[in-house]
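**Q** Compact mmCIF, C-alpha atoms, saved as structure.txt, coming up:
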```
# COMPACT_ATOMS: atom_id res chain seq x y z
CA MET F 10 -91.91 30.23 215.19
CA ILE F 11 -93.11 29.06 211.79
CA ILE F 12 -89.85 27.21 211.26
CA TYR F 13 -90.29 25.22 214.47
CA ALA F 14 -93.87 24.41 213.52
CA LEU F 15 -92.85 23.16 210.07
CA CYS F 16 -90.17 20.99 211.60
CA PHE F 17 -92.73 19.45 213.92
CA ALA F 18 -95.01 18.88 210.95
CA LEU F 19 -92.21 16.87 209.29
CA PHE F 20 -91.98 14.77 212.43
CA LEU F 21 -95.73 14.17 212.34
CA VAL F 22 -95.53 13.05 208.70
CA GLY F 23 -93.01 10.43 209.75
CA LEU F 24 -95.19 9.40 212.67
CA TYR F 25 -98.20 8.99 210.38
CA GLY F 26 -96.18 6.72 208.11
CA LEU F 27 -95.03 4.65 211.07
CA ILE F 28 -98.56 4.08 212.37
CA VAL F 29 -100.56 3.61 209.19
CA LYS F 30 -98.35 1.91 206.64
CA ARG F 31 -98.25 -1.86 206.30
CA ASP F 32 -95.16 -2.36 204.24
CA LEU F 33 -92.01 -2.91 206.29
CA ILE F 34 -89.91 -0.84 203.94
CA LYS F 35 -92.18 2.17 204.37
CA ILE F 36 -91.90 1.79 208.13
CA ILE F 37 -88.12 1.89 207.92
CA LEU F 38 -88.31 5.03 205.76
CA SER F 39 -90.65 6.63 208.31
CA THR F 40 -88.15 6.14 211.13
CA GLY F 41 -85.61 7.86 208.90
CA ILE F 42 -87.91 10.83 208.39
CA MET F 43 -88.49 11.19 212.13
CA GLY F 44 -84.75 11.13 212.70
CA TYR F 45 -84.22 13.93 210.17
CA ALA F 46 -86.87 16.10 211.84
CA VAL F 47 -85.41 15.71 215.32
CA ASN F 48 -81.85 16.43 214.18
CA LEU F 49 -82.97 19.57 212.36
CA MET F 50 -84.89 20.79 215.39
CA ILE F 51 -81.87 20.46 217.66
CA VAL F 52 -79.63 22.39 215.29
CA LEU F 53 -82.32 25.07 214.89
CA PHE F 54 -82.16 25.69 218.62
CA GLY F 55 -78.49 26.54 218.43
CA TYR F 56 -78.50 29.04 215.58
CA ARG F 57 -77.49 32.60 216.24
CA ARG F 58 -78.28 35.35 213.76
CA GLU F 59 -75.41 37.01 211.89
CA ALA F 60 -72.95 34.42 213.22
CA ILE F 61 -70.58 32.12 211.37
CA TYR F 62 -69.53 28.48 211.67
CA PRO F 63 -67.60 27.47 214.80
CA ILE F 64 -64.13 27.00 213.30
CA LEU F 65 -61.27 29.29 214.27
CA GLU F 66 -59.24 30.70 211.41
CA LYS F 67 -56.00 32.63 211.20
CA GLY F 68 -57.64 35.91 210.29
CA LYS F 69 -60.58 36.10 212.66
CA GLU F 70 -60.06 34.33 215.94
CA ALA F 71 -62.82 35.35 218.35
CA ALA F 72 -65.80 36.27 216.24
CA ALA F 73 -69.45 35.64 217.02
CA MET F 74 -70.13 31.99 216.32
CA VAL F 75 -73.09 29.68 216.48
CA ASP F 76 -73.53 27.32 219.39
CA PRO F 77 -71.25 24.27 218.98
CA LEU F 78 -72.97 22.07 221.54
CA PRO F 79 -76.10 21.12 219.55
CA GLN F 80 -73.90 20.36 216.56
CA ALA F 81 -71.83 17.93 218.61
CA LEU F 82 -74.98 16.17 219.84
CA VAL F 83 -76.45 15.89 216.36
CA LEU F 84 -73.16 14.49 215.00
CA THR F 85 -73.50 11.57 217.39
CA SER F 86 -77.16 11.18 216.51
CA ILE F 87 -76.59 10.96 212.75
CA VAL F 88 -74.04 8.17 213.16
CA ILE F 89 -76.30 6.15 215.43
CA GLU F 90 -79.22 6.58 212.99
CA LEU F 91 -77.21 4.81 210.33
CA GLY F 92 -76.43 1.89 212.62
CA THR F 93 -80.11 1.58 213.53
CA THR F 94 -81.18 1.66 209.88
CA ALA F 95 -78.67 -1.07 209.00
CA LEU F 96 -79.98 -3.27 211.81
CA LEU F 97 -83.62 -2.69 210.76
CA VAL F 98 -82.79 -3.60 207.18
CA ALA F 99 -81.08 -6.79 208.30
CA LEU F 100 -84.12 -7.74 210.40
CA ALA F 101 -86.43 -7.04 207.46
CA VAL F 102 -84.36 -9.22 205.12
CA GLN F 103 -84.33 -12.03 207.67
CA LEU F 104 -88.10 -11.74 208.16
CA HIS F 105 -88.61 -12.00 204.43
CA LYS F 106 -86.57 -15.18 204.37
CA ASN F 107 -88.87 -16.79 206.94
CA PHE F 108 -92.29 -15.42 206.01
CA LYS F 109 -91.86 -14.59 202.30
CA THR F 110 -93.66 -11.25 202.69
CA PHE F 111 -93.15 -7.71 203.94
CA ASP F 112 -96.74 -7.18 205.04
CA ILE F 113 -96.79 -6.73 208.80
CA THR F 114 -100.35 -8.00 209.20
CA LYS F 115 -99.24 -11.38 207.91
CA ILE F 116 -96.20 -11.74 210.13
CA ARG F 117 -97.91 -13.14 213.17
CA ARG F 118 -96.25 -16.10 214.75
CA LEU F 119 -92.77 -15.84 216.20
CA ARG F 120 -90.67 -18.55 214.67
CA GLY F 121 -87.05 -19.56 214.34
CA MET U 19 -60.64 -11.62 187.16
CA SER U 20 -63.37 -13.07 185.02
CA GLU U 21 -65.53 -10.84 182.91
CA LYS U 22 -68.76 -12.62 183.84
CA GLN U 23 -69.09 -11.06 187.29
CA GLY U 24 -69.26 -7.43 188.22
CA MET U 25 -69.66 -4.65 185.75
CA SER U 26 -68.15 -3.83 182.36
CA LEU U 27 -64.46 -3.34 181.64
CA ILE U 28 -64.66 0.44 181.61
CA VAL U 29 -66.07 0.54 185.14
CA LYS U 30 -63.41 -1.87 186.40
CA THR U 31 -60.56 0.11 184.89
CA VAL U 32 -61.80 3.44 186.18
CA THR U 33 -62.37 1.99 189.64
CA ARG U 34 -58.85 0.65 189.78
CA ALA U 35 -57.48 4.02 188.74
CA ILE U 36 -59.51 6.09 191.20
CA LEU U 37 -59.21 3.82 194.25
CA ALA U 38 -55.99 5.35 195.53
CA ILE U 39 -57.45 8.86 195.24
CA ILE U 40 -60.52 7.87 197.23
CA PHE U 41 -58.40 6.44 200.04
CA LEU U 42 -56.16 9.48 200.00
CA TYR U 43 -59.19 11.75 200.28
CA GLY U 44 -60.56 9.73 203.17
CA PHE U 45 -57.26 9.88 205.05
CA TYR U 46 -57.04 13.61 204.39
CA ILE U 47 -60.45 14.23 205.96
CA ILE U 48 -59.56 12.08 208.97
CA LEU U 49 -56.16 13.63 209.61
CA HIS U 50 -57.38 17.20 209.35
CA GLY U 51 -60.32 16.63 211.66
CA HIS U 52 -59.21 19.21 214.15
CA LEU U 53 -58.47 21.90 211.59
CA SER U 54 -61.35 21.77 209.14
CA PRO U 55 -64.82 20.23 209.16
CA GLY U 56 -65.14 16.49 208.75
CA GLY U 57 -63.27 14.45 211.26
CA GLY U 58 -63.22 10.74 211.95
CA PHE U 59 -66.81 9.94 211.00
CA GLY U 60 -66.90 11.59 207.60
CA GLY U 61 -63.50 10.26 206.62
CA GLY U 62 -64.44 6.78 207.75
CA VAL U 63 -67.47 6.72 205.48
CA VAL U 64 -65.30 7.78 202.53
CA LEU U 65 -63.00 4.81 203.21
CA ALA U 66 -65.99 2.48 203.37
CA LEU U 67 -67.27 3.84 200.06
CA GLY U 68 -63.86 3.14 198.54
CA PHE U 69 -64.04 -0.52 199.54
CA LEU U 70 -67.65 -0.66 198.44
CA SER U 71 -66.84 0.60 194.95
CA VAL U 72 -64.43 -2.30 194.51
CA MET U 73 -67.06 -4.76 195.69
CA LEU U 74 -69.69 -3.36 193.32
CA ALA U 75 -67.43 -3.13 190.29
CA TYR U 76 -65.67 -6.49 190.56
CA GLY U 77 -68.22 -8.75 192.22
CA ARG U 78 -67.90 -10.73 195.42
CA PRO U 79 -65.46 -13.56 194.59
CA THR U 80 -62.73 -11.27 193.24
CA THR U 81 -63.05 -8.95 196.23
CA GLN U 82 -62.78 -11.93 198.54
CA LYS U 83 -59.50 -12.88 196.91
CA TRP U 84 -58.18 -9.35 197.10
CA LEU U 85 -59.11 -8.58 200.71
CA ASN U 86 -58.65 -10.72 203.76
CA ILE U 87 -62.09 -10.48 205.39
CA ARG U 88 -60.96 -12.15 208.61
CA ALA U 89 -58.19 -9.62 209.05
CA LEU U 90 -60.65 -6.80 208.46
CA HIS U 91 -62.94 -8.20 211.14
CA THR U 92 -60.02 -8.30 213.59
CA VAL U 93 -58.93 -4.74 212.86
CA GLU U 94 -62.47 -3.45 213.13
CA SER U 95 -63.09 -5.17 216.44
CA SER U 96 -59.93 -3.72 217.94
CA GLY U 97 -61.21 -0.18 217.36
CA PRO U 98 -63.16 0.20 220.63
CA LEU U 99 -60.32 -1.53 222.49
CA LEU U 100 -57.86 1.09 221.26
CA PHE U 101 -60.30 3.83 222.26
CA LEU U 102 -60.42 2.41 225.78
CA ALA U 103 -56.64 2.16 225.81
CA VAL U 104 -56.35 5.88 225.03
CA GLY U 105 -58.81 6.58 227.83
CA LEU U 106 -56.78 4.53 230.27
CA LEU U 107 -53.73 6.48 229.18
CA GLY U 108 -55.56 9.55 230.37
CA LEU U 109 -56.29 7.77 233.63
CA ALA U 110 -52.64 6.94 234.13
CA GLY U 111 -51.51 10.42 233.22
CA GLY U 112 -53.87 12.65 235.12
CA GLY U 113 -56.15 10.59 237.31
CA VAL U 114 -59.32 11.08 235.24
CA PHE U 115 -60.60 8.69 232.56
CA LEU U 116 -60.21 10.17 229.06
CA LEU U 117 -58.22 13.17 230.26
CA ASN U 118 -56.35 14.86 227.43
CA THR U 119 -52.80 14.30 228.61
CA LEU U 120 -50.79 14.30 225.39
CA ASP U 121 -48.89 17.39 224.33
CA HIS U 122 -51.17 20.11 223.07
CA GLY U 123 -48.82 21.88 220.70
CA ARG U 124 -49.60 25.13 218.99
CA LEU U 125 -52.85 26.22 217.39
CA PHE U 126 -53.30 25.43 213.68
CA ASP U 127 -50.55 22.78 213.64
CA LEU U 128 -51.20 19.30 212.35
CA TRP U 129 -49.71 17.67 215.45
CA SER U 130 -51.69 19.67 217.96
CA SER U 131 -54.57 19.36 220.36
CA GLY U 132 -53.60 16.33 222.38
CA PHE U 133 -55.24 13.05 221.61
CA ILE U 134 -57.86 14.33 219.18
CA LEU U 135 -55.71 13.19 216.24
CA PRO U 136 -55.21 9.55 217.40
CA LEU U 137 -58.87 9.32 218.34
CA ASN U 138 -59.90 10.57 214.91
CA ILE U 139 -57.75 7.92 213.24
CA ILE U 140 -59.15 5.15 215.44
CA ILE U 141 -62.73 6.25 214.85
CA GLY U 142 -62.18 6.65 211.11
CA ILE U 143 -60.77 3.17 210.59
CA LYS U 144 -63.40 1.62 212.82
CA VAL U 145 -66.39 3.31 211.19
CA GLY U 146 -65.12 2.63 207.70
CA LEU U 147 -64.52 -1.06 208.20
CA SER U 148 -67.76 -1.53 210.16
CA LEU U 149 -69.92 -0.09 207.43
CA PHE U 150 -68.19 -2.04 204.67
CA LEU U 151 -68.49 -5.33 206.58
CA ALA U 152 -72.17 -4.66 207.27
CA VAL U 153 -72.86 -4.26 203.55
CA TRP U 154 -70.74 -7.33 202.86
CA ALA U 155 -72.94 -9.38 205.18
CA LEU U 156 -76.16 -7.92 203.79
CA THR U 157 -75.45 -8.97 200.23
CA ALA U 158 -74.31 -12.44 201.12
CA TRP U 159 -77.54 -14.20 200.35
CA ASP U 160 -78.08 -14.93 196.69
CA PRO U 161 -81.52 -16.35 195.88
CA GLU U 162 -80.37 -18.10 192.73
CA LYS U 163 -77.40 -19.94 194.11
CA GLY U 164 -78.91 -20.65 197.54
CA ALA U 165 -75.63 -20.48 199.47
CA ASP U 166 -73.59 -17.88 201.29
CA ALA U 167 -70.52 -16.46 199.60
CA MET W 5 -82.04 35.91 200.65
CA PRO W 6 -82.31 35.84 204.41
CA VAL W 7 -81.98 32.62 206.32
CA ASP W 8 -85.65 32.38 207.31
CA ILE W 9 -86.95 32.23 203.78
CA TRP W 10 -84.38 29.61 202.79
CA LEU W 11 -85.36 27.46 205.75
CA ILE W 12 -89.09 27.73 205.12
CA PHE W 13 -88.58 26.77 201.48
CA LEU W 14 -86.37 23.81 202.37
CA LEU W 15 -88.74 22.58 205.05
CA GLY W 16 -91.71 22.76 202.70
CA PHE W 17 -89.70 20.84 200.14
CA MET W 18 -88.80 18.19 202.71
CA ILE W 19 -92.43 17.77 203.81
CA LEU W 20 -93.58 17.33 200.23
CA GLY W 21 -90.74 14.91 199.54
CA SER W 22 -91.49 12.74 202.53
CA ILE W 23 -95.21 12.61 201.76
CA ALA W 24 -94.27 11.52 198.24
CA ALA W 25 -91.86 8.91 199.60
CA LEU W 26 -94.57 7.37 201.75
CA GLU W 27 -97.33 7.33 199.15
CA ILE W 28 -95.52 6.11 196.04
CA LYS W 29 -95.98 2.41 195.40
CA ASP W 30 -92.73 1.76 193.55
CA ILE W 31 -89.91 0.91 195.95
CA LEU W 32 -87.05 2.47 194.01
CA SER W 33 -88.89 5.77 193.69
CA SER W 34 -89.67 6.00 197.38
CA ILE W 35 -86.07 5.24 198.35
CA VAL W 36 -84.86 7.92 195.94
CA ALA W 37 -87.37 10.38 197.43
CA ILE W 38 -85.95 9.72 200.90
CA GLY W 39 -82.51 10.39 199.50
CA VAL W 40 -83.67 13.74 198.18
CA VAL W 41 -85.10 14.64 201.59
CA GLY W 42 -81.76 13.81 203.19
CA LEU W 43 -79.87 15.99 200.73
CA ALA W 44 -82.23 18.89 201.40
CA LEU W 45 -81.48 18.40 205.10
CA SER W 46 -77.77 18.60 204.34
CA THR W 47 -78.35 21.92 202.55
CA ALA W 48 -80.32 23.17 205.56
CA PHE W 49 -77.38 22.29 207.81
CA LEU W 50 -75.10 24.29 205.53
CA ILE W 51 -77.38 27.32 205.76
CA LEU W 52 -77.43 27.00 209.55
CA GLN W 53 -73.60 27.37 209.60
CA ALA W 54 -72.80 23.74 210.45
CA PRO W 55 -70.39 22.42 207.76
CA ASP W 56 -69.28 19.44 209.85
CA LEU W 57 -72.85 18.21 210.08
CA ALA W 58 -73.51 18.85 206.40
CA ILE W 59 -70.60 16.64 205.35
CA VAL W 60 -71.50 13.84 207.75
CA GLN W 61 -75.22 13.93 206.92
CA PHE W 62 -74.55 13.87 203.18
CA LEU W 63 -72.17 10.91 203.35
CA PHE W 64 -74.24 8.85 205.75
CA GLU W 65 -77.35 9.55 203.68
CA ILE W 66 -75.66 8.13 200.61
CA PHE W 67 -74.55 5.08 202.54
CA ALA W 68 -78.06 4.49 203.86
CA LEU W 69 -79.38 4.74 200.30
CA ILE W 70 -76.86 2.14 199.15
CA ILE W 71 -77.80 -0.23 201.97
CA LEU W 72 -81.52 0.15 201.26
CA ILE W 73 -81.17 -0.35 197.52
CA LEU W 74 -78.81 -3.32 197.78
CA ALA W 75 -81.07 -5.08 200.24
CA PHE W 76 -84.51 -4.38 198.80
CA LEU W 77 -84.27 -4.45 195.04
CA ARG W 78 -84.20 -8.14 194.28
CA LYS W 79 -86.63 -9.40 191.73
CA ASP W 80 -88.50 -11.81 193.96
CA TYR W 81 -89.46 -9.37 196.71
CA HIS W 82 -92.46 -7.59 195.30
CA ASP W 83 -94.89 -9.94 193.72
CA LEU W 84 -97.15 -9.58 196.72
CA GLU W 85 -100.33 -7.54 196.82
CA PRO W 86 -99.89 -3.82 197.40
CA ALA W 87 -100.58 -2.60 200.90
CA ARG W 88 -104.24 -1.79 201.18
CA LEU W 89 -105.15 1.12 203.33
CA HIS W 90 -107.57 0.72 206.17
CA ARG W 91 -109.60 3.88 205.60
CA LEU W 92 -110.89 4.24 209.12
CA THR W 93 -107.50 3.83 210.80
CA ALA W 94 -105.80 6.18 208.36
CA GLY W 95 -108.45 8.88 208.72
CA LEU W 96 -108.51 8.67 212.50
CA THR W 97 -104.73 8.86 212.73
CA ALA W 98 -104.59 11.82 210.38
CA LEU W 99 -107.23 13.69 212.37
CA THR W 100 -105.47 12.97 215.67
CA LEU W 101 -102.13 14.16 214.33
CA ILE W 102 -103.66 17.34 212.93
CA ALA W 103 -105.21 18.03 216.32
CA VAL W 104 -101.83 17.48 218.01
CA PHE W 105 -100.24 19.90 215.58
CA ALA W 106 -102.89 22.53 216.23
CA PHE W 107 -102.41 22.26 219.99
CA SER W 108 -98.64 22.45 219.65
CA LEU W 109 -98.69 25.88 217.99
CA HIS W 110 -99.29 27.42 221.40
CA VAL W 111 -96.11 25.76 222.73
CA PHE W 112 -94.02 27.08 219.86
CA LYS W 113 -95.19 30.60 220.55
CA SER W 114 -93.69 30.47 224.02
CA LEU W 115 -90.25 29.18 222.99
CA PRO W 116 -87.36 31.69 222.78
CA GLU W 117 -87.18 33.47 219.50
CA PHE W 118 -85.38 31.78 216.61
CA GLY W 119 -81.85 33.15 216.37
CA LEU W 120 -81.21 34.12 219.99
CA PRO W 121 -79.95 31.03 221.82
CA ALA W 122 -79.22 30.94 225.52
CA LEU W 123 -75.57 29.88 224.98
CA THR W 124 -74.74 29.11 228.62
CA THR W 125 -72.37 26.16 228.10
CA GLY W 126 -71.59 27.00 224.49
CA ARG W 127 -70.00 30.29 225.44
CA TYR W 128 -67.46 28.52 227.65
CA TYR W 129 -66.60 26.11 224.83
CA LEU W 130 -66.27 28.90 222.25
CA GLU W 131 -63.98 30.99 224.40
CA ASN W 132 -61.70 28.29 225.78
CA ALA W 133 -61.34 25.79 222.94
CA GLY W 134 -58.63 27.75 221.20
CA ALA W 135 -56.67 28.50 224.33
CA SER W 136 -56.75 25.29 226.32
CA VAL W 137 -57.36 22.49 223.82
CA LYS W 138 -55.65 24.30 220.91
CA SER W 139 -57.92 22.83 218.29
CA ALA W 140 -59.26 24.99 215.49
CA ASN W 141 -62.41 22.96 214.90
CA ILE W 142 -64.48 23.67 218.01
CA VAL W 143 -67.08 21.00 217.27
CA ALA W 144 -64.30 18.39 217.09
CA ALA W 145 -62.94 19.70 220.40
CA VAL W 146 -66.37 19.36 222.01
CA VAL W 147 -66.96 15.87 220.60
CA LEU W 148 -63.51 14.45 221.27
CA ASP W 149 -62.22 16.31 224.30
CA TYR W 150 -64.88 17.96 226.40
CA ARG W 151 -67.42 15.20 225.80
CA ALA W 152 -65.23 12.26 224.87
CA TYR W 153 -67.25 9.92 227.06
CA ASP W 154 -70.28 10.40 224.81
CA THR W 155 -68.15 9.49 221.81
CA LEU W 156 -67.09 6.31 223.57
CA GLY W 157 -70.76 5.49 224.01
CA GLU W 158 -71.45 6.22 220.38
CA VAL W 159 -68.62 3.99 219.17
CA THR W 160 -70.02 1.22 221.36
CA VAL W 161 -73.55 1.66 220.00
CA LEU W 162 -72.36 1.64 216.39
CA PHE W 163 -70.23 -1.43 217.06
CA THR W 164 -73.16 -3.24 218.65
CA ALA W 165 -75.57 -2.32 215.85
CA ILE W 166 -73.21 -3.55 213.14
CA LEU W 167 -72.47 -6.67 215.16
CA GLY W 168 -76.22 -7.27 215.41
CA THR W 169 -76.56 -6.82 211.65
CA MET W 170 -73.90 -9.39 210.92
CA THR W 171 -75.24 -11.85 213.49
CA VAL W 172 -78.86 -11.70 212.35
CA LEU W 173 -77.88 -12.57 208.81
CA ARG W 174 -75.62 -15.44 209.64
CA VAL W 175 -78.12 -17.90 211.10
CA ARG W 176 -78.65 -19.60 207.78
CA LYS W 177 -75.01 -20.52 207.35
CA ALA W 178 -74.84 -22.00 210.87
CA LYS W 179 -77.98 -24.04 210.23
CA LYS W 180 -76.52 -25.31 206.97
CA GLU W 181 -73.36 -26.42 208.72
CA ARG W 182 -75.27 -28.11 211.49
CA GLY W 183 -77.49 -29.82 208.96
CA GLU W 184 -74.59 -31.26 207.07
CA GLU W 185 -72.79 -32.77 210.04
```
For the file at hand, write its structure as structure tokens.
**A**
Amino acid sequence: MIIYALCFALFLVGLYGLIVKRDLIKIILSTGIMGYAVNLMIVLFGYRREAIYPILEKGKEAAAMVDPLPQALVLTSIVIELGTTALLVALAVQLHKNFKTFDITKIRRLRG
Amino acid sequence: MSEKQGMSLIVKTVTRAILAIIFLYGFYIILHGHLSPGGGFGGGVVLALGFLSVMLAYGRPTTQKWLNIRALHTVESSGPLLFLAVGLLGLAGGGVFLLNTLDHGRLFDLWSSGFILPLNIIIGIKVGLSLFLAVWALTAWDPEKGADA
Amino acid sequence: MPVDIWLIFLLGFMILGSIAALEIKDILSSIVAIGVVGLALSTAFLILQAPDLAIVQFLFEIFALIILILAFLRKDYHDLEPARLHRLTAGLTALTLIAVFAFSLHVFKSLPEFGLPALTTGRYYLENAGASVKSANIVAAVVLDYRAYDTLGEVTVLFTAILGTMTVLRVRKAKKERGEE
């Protein structure tokens, strides 16, 4: 139970950074932190005690293994996180070209 | 290749020597995706890092002469098309989209488990080229020169 | 050491690392701190018996670090004033989030115990992946055979995101060409 609570605390740290920070780069890092917390939580739900990784080997074929379904979902999620981060970075670079700053309180008018 | 751009001579020589090993490692991870952990996504990133090391060590103009960026764009864009083609193959073979209709083979073989191997290769090439081209586009703007490369 | 103690240590380390990444003013240091948090996550995946995820998380983390550093470390980006903190907003947000965390402890008490998953669909995949799909890596079998449609969606999303990245950064070249004609 403590592990789930700590994972949620990591998510809340990321959420705090997203709401309070004014620098665009810190906001991008906060979305990354929230993504880490969610991925870890999903894999935590699929762990079975005293079990091994879900890969069949020649010696032991049908042992007790952890749940493979959360791992498949998180695999997809990690790849999409990278695509989202790349797009956010491109948007930030383009915003800096137009407004010459990363401060979100100064980026007011939509232009271009 | 001029010595003004990119990094020092030691870095360039070592990069040229290691490049083949990096690509070999990436292809190994992709091809053994159904036997050991890794698969198309991990192997694809290793391929992208191989291209990226050339771009960082030699600078942009030399890399542009060495690689054909237009051809890379074409190959990368055909990745999802090939994925759909494999899915339609399943439709033609069994009546369901993305049905695994190729021969399944024996367990622990390299040529086993239906179309997981072709799909891994398609995904690996697509992910690798996508990520490299994204970084290529991100570093295109040079504030001193004021023009795109 | 048992798995629980490893996980609590790693999670505490990740929380401290992410707080450091958000509060440090230097950009390179905060990006490096995020990289450290990602590597700790990869170690946590390894402890949770998920080697596939550990490899993919490690590699994608390094690539994200490279993208962030290449894009944000030019010399002319950071001669602006440092971000001042609105004390009232920060304090209110912190208090609200602490209250949310305190209320959520009750929910976590009623979840199933850590280490005893329900395994309703997973049991079918574990038992039949070797026999019917004949693939040794069960996670690869789930991703590319049982749930191949989701992988098609993921390839599409990644393609669209990278396409968006390249399009957003190309406006300047088009404007230059239109301006010269």
**Q** Specify as JSON, numbers by chain all residues of chain U found within 10 Å of chain F, counting only C-alpha atoms.
**A** {"U": [52, 53, 54, 55, 59, 60, 125, 126, 145, 148, 149, 152, 153, 155, 156, 159, 161]}
**Q** Measuring between all atoms listed in the file, which one of F:Ile28, F:Ile37, F:Met74, F:Met50 shows the shortest distance to Leu100 of chain F?
**A**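 The shortest atom-to-atom distance to Leu100 of chain F comes from F:Ile37.
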**Q** I need the contact residues of chain W against chain U, so if you could list those with any atom within 6 Å, counting all atoms listed in the file, and return them as a PyMOL selection string, that would help.
**A** chain W and resi 56+60+137-141+144+170
**Q** Could you name the residues that touch Phe105 of chain W at 8 Å or less, counting only C-alpha atoms, but leaving out those on the same chain fewer than 4 positions away, as number ranges by chain?
**A** F: 17-18, 21; W: 101, 109
**Q** May I ask for the distance between atom CA of Tyr56 of chain F and atom CA of Ile102 of chain W, given in Å to one decimal place?
**A**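 Atom-to-atom, atom CA of Tyr56 of chain F and atom CA of Ile102 of chain W are spaced 27.9 Å apart.
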**Q** Here is a test: counting only C-alpha atoms, which residue of F:Ile51, F:Pro77, F:Ile113, F:Phe108 is nearest to chain W?
**A**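 Using only C-alpha atoms, the shortest distance to chain W belongs to F:Pro77.
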**Q** Env of segment 40-51 of chain W: 7 Å cut, atoms = only C-alpha atoms, seq-sep filter 6 positions within chain, self excluded. Answer as a list in words.
**A**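 In the requested form, the answer reads Leu11, Leu14, Met18, Gly21, Ser22, Leu57, Ala58, Gln61, Phe62 and Glu65 of chain W.
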**Q** Take the structure in the block and write a file for segment 46-61 of chain F, N, CA and C atoms, as a short mmCIF file (atom, residue, chain, number, x, y, z; two decimals), in the first residue's frame.
**A**
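Contents of selection05.cif, as written:
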```cif
data_model
loop_
_atom_site.label_atom_id
_atom_site.label_comp_id
_atom_site.auth_asym_id
_atom_site.auth_seq_id
_atom_site.Cartn_x
_atom_site.Cartn_y
_atom_site.Cartn_z
N ALA F 46 5.33 8.28 -13.58
CA ALA F 46 4.55 7.79 -12.44
C ALA F 46 3.43 6.87 -12.91
N VAL F 47 2.76 7.25 -13.99
CA VAL F 47 1.63 6.43 -14.45
C VAL F 47 2.12 5.09 -14.97
N ASN F 48 3.24 5.10 -15.72
CA ASN F 48 3.76 3.83 -16.24
C ASN F 48 4.15 2.90 -15.10
N LEU F 49 4.78 3.46 -14.06
CA LEU F 49 5.20 2.61 -12.94
C LEU F 49 3.99 2.04 -12.22
N MET F 50 2.94 2.84 -12.10
CA MET F 50 1.75 2.35 -11.39
C MET F 50 1.12 1.18 -12.12
N ILE F 51 1.08 1.26 -13.46
CA ILE F 51 0.45 0.17 -14.21
C ILE F 51 1.26 -1.11 -14.07
N VAL F 52 2.59 -1.00 -14.11
CA VAL F 52 3.39 -2.21 -14.00
C VAL F 52 3.32 -2.77 -12.58
N LEU F 53 3.15 -1.89 -11.57
CA LEU F 53 3.01 -2.36 -10.20
C LEU F 53 1.75 -3.20 -10.03
N PHE F 54 0.71 -2.89 -10.80
CA PHE F 54 -0.51 -3.67 -10.66
C PHE F 54 -0.36 -5.09 -11.17
N GLY F 55 0.65 -5.32 -12.03
CA GLY F 55 0.75 -6.63 -12.63
C GLY F 55 1.79 -7.52 -12.00
N TYR F 56 2.38 -7.11 -10.90
CA TYR F 56 3.49 -7.89 -10.33
C TYR F 56 2.96 -9.01 -9.46
N ARG F 57 3.58 -10.18 -9.62
CA ARG F 57 3.18 -11.29 -8.77
C ARG F 57 4.39 -11.71 -7.96
N ARG F 58 4.21 -11.97 -6.69
CA ARG F 58 5.35 -12.30 -5.83
C ARG F 58 5.94 -13.65 -6.20
N GLU F 59 7.26 -13.77 -6.07
CA GLU F 59 7.98 -15.00 -6.35
C GLU F 59 7.76 -15.49 -7.77
N ALA F 60 7.58 -14.57 -8.72
CA ALA F 60 7.39 -14.96 -10.11
C ALA F 60 8.53 -14.37 -10.92
N ILE F 61 8.73 -14.90 -12.13
CA ILE F 61 9.83 -14.43 -12.96
C ILE F 61 9.28 -13.77 -14.20
#
```
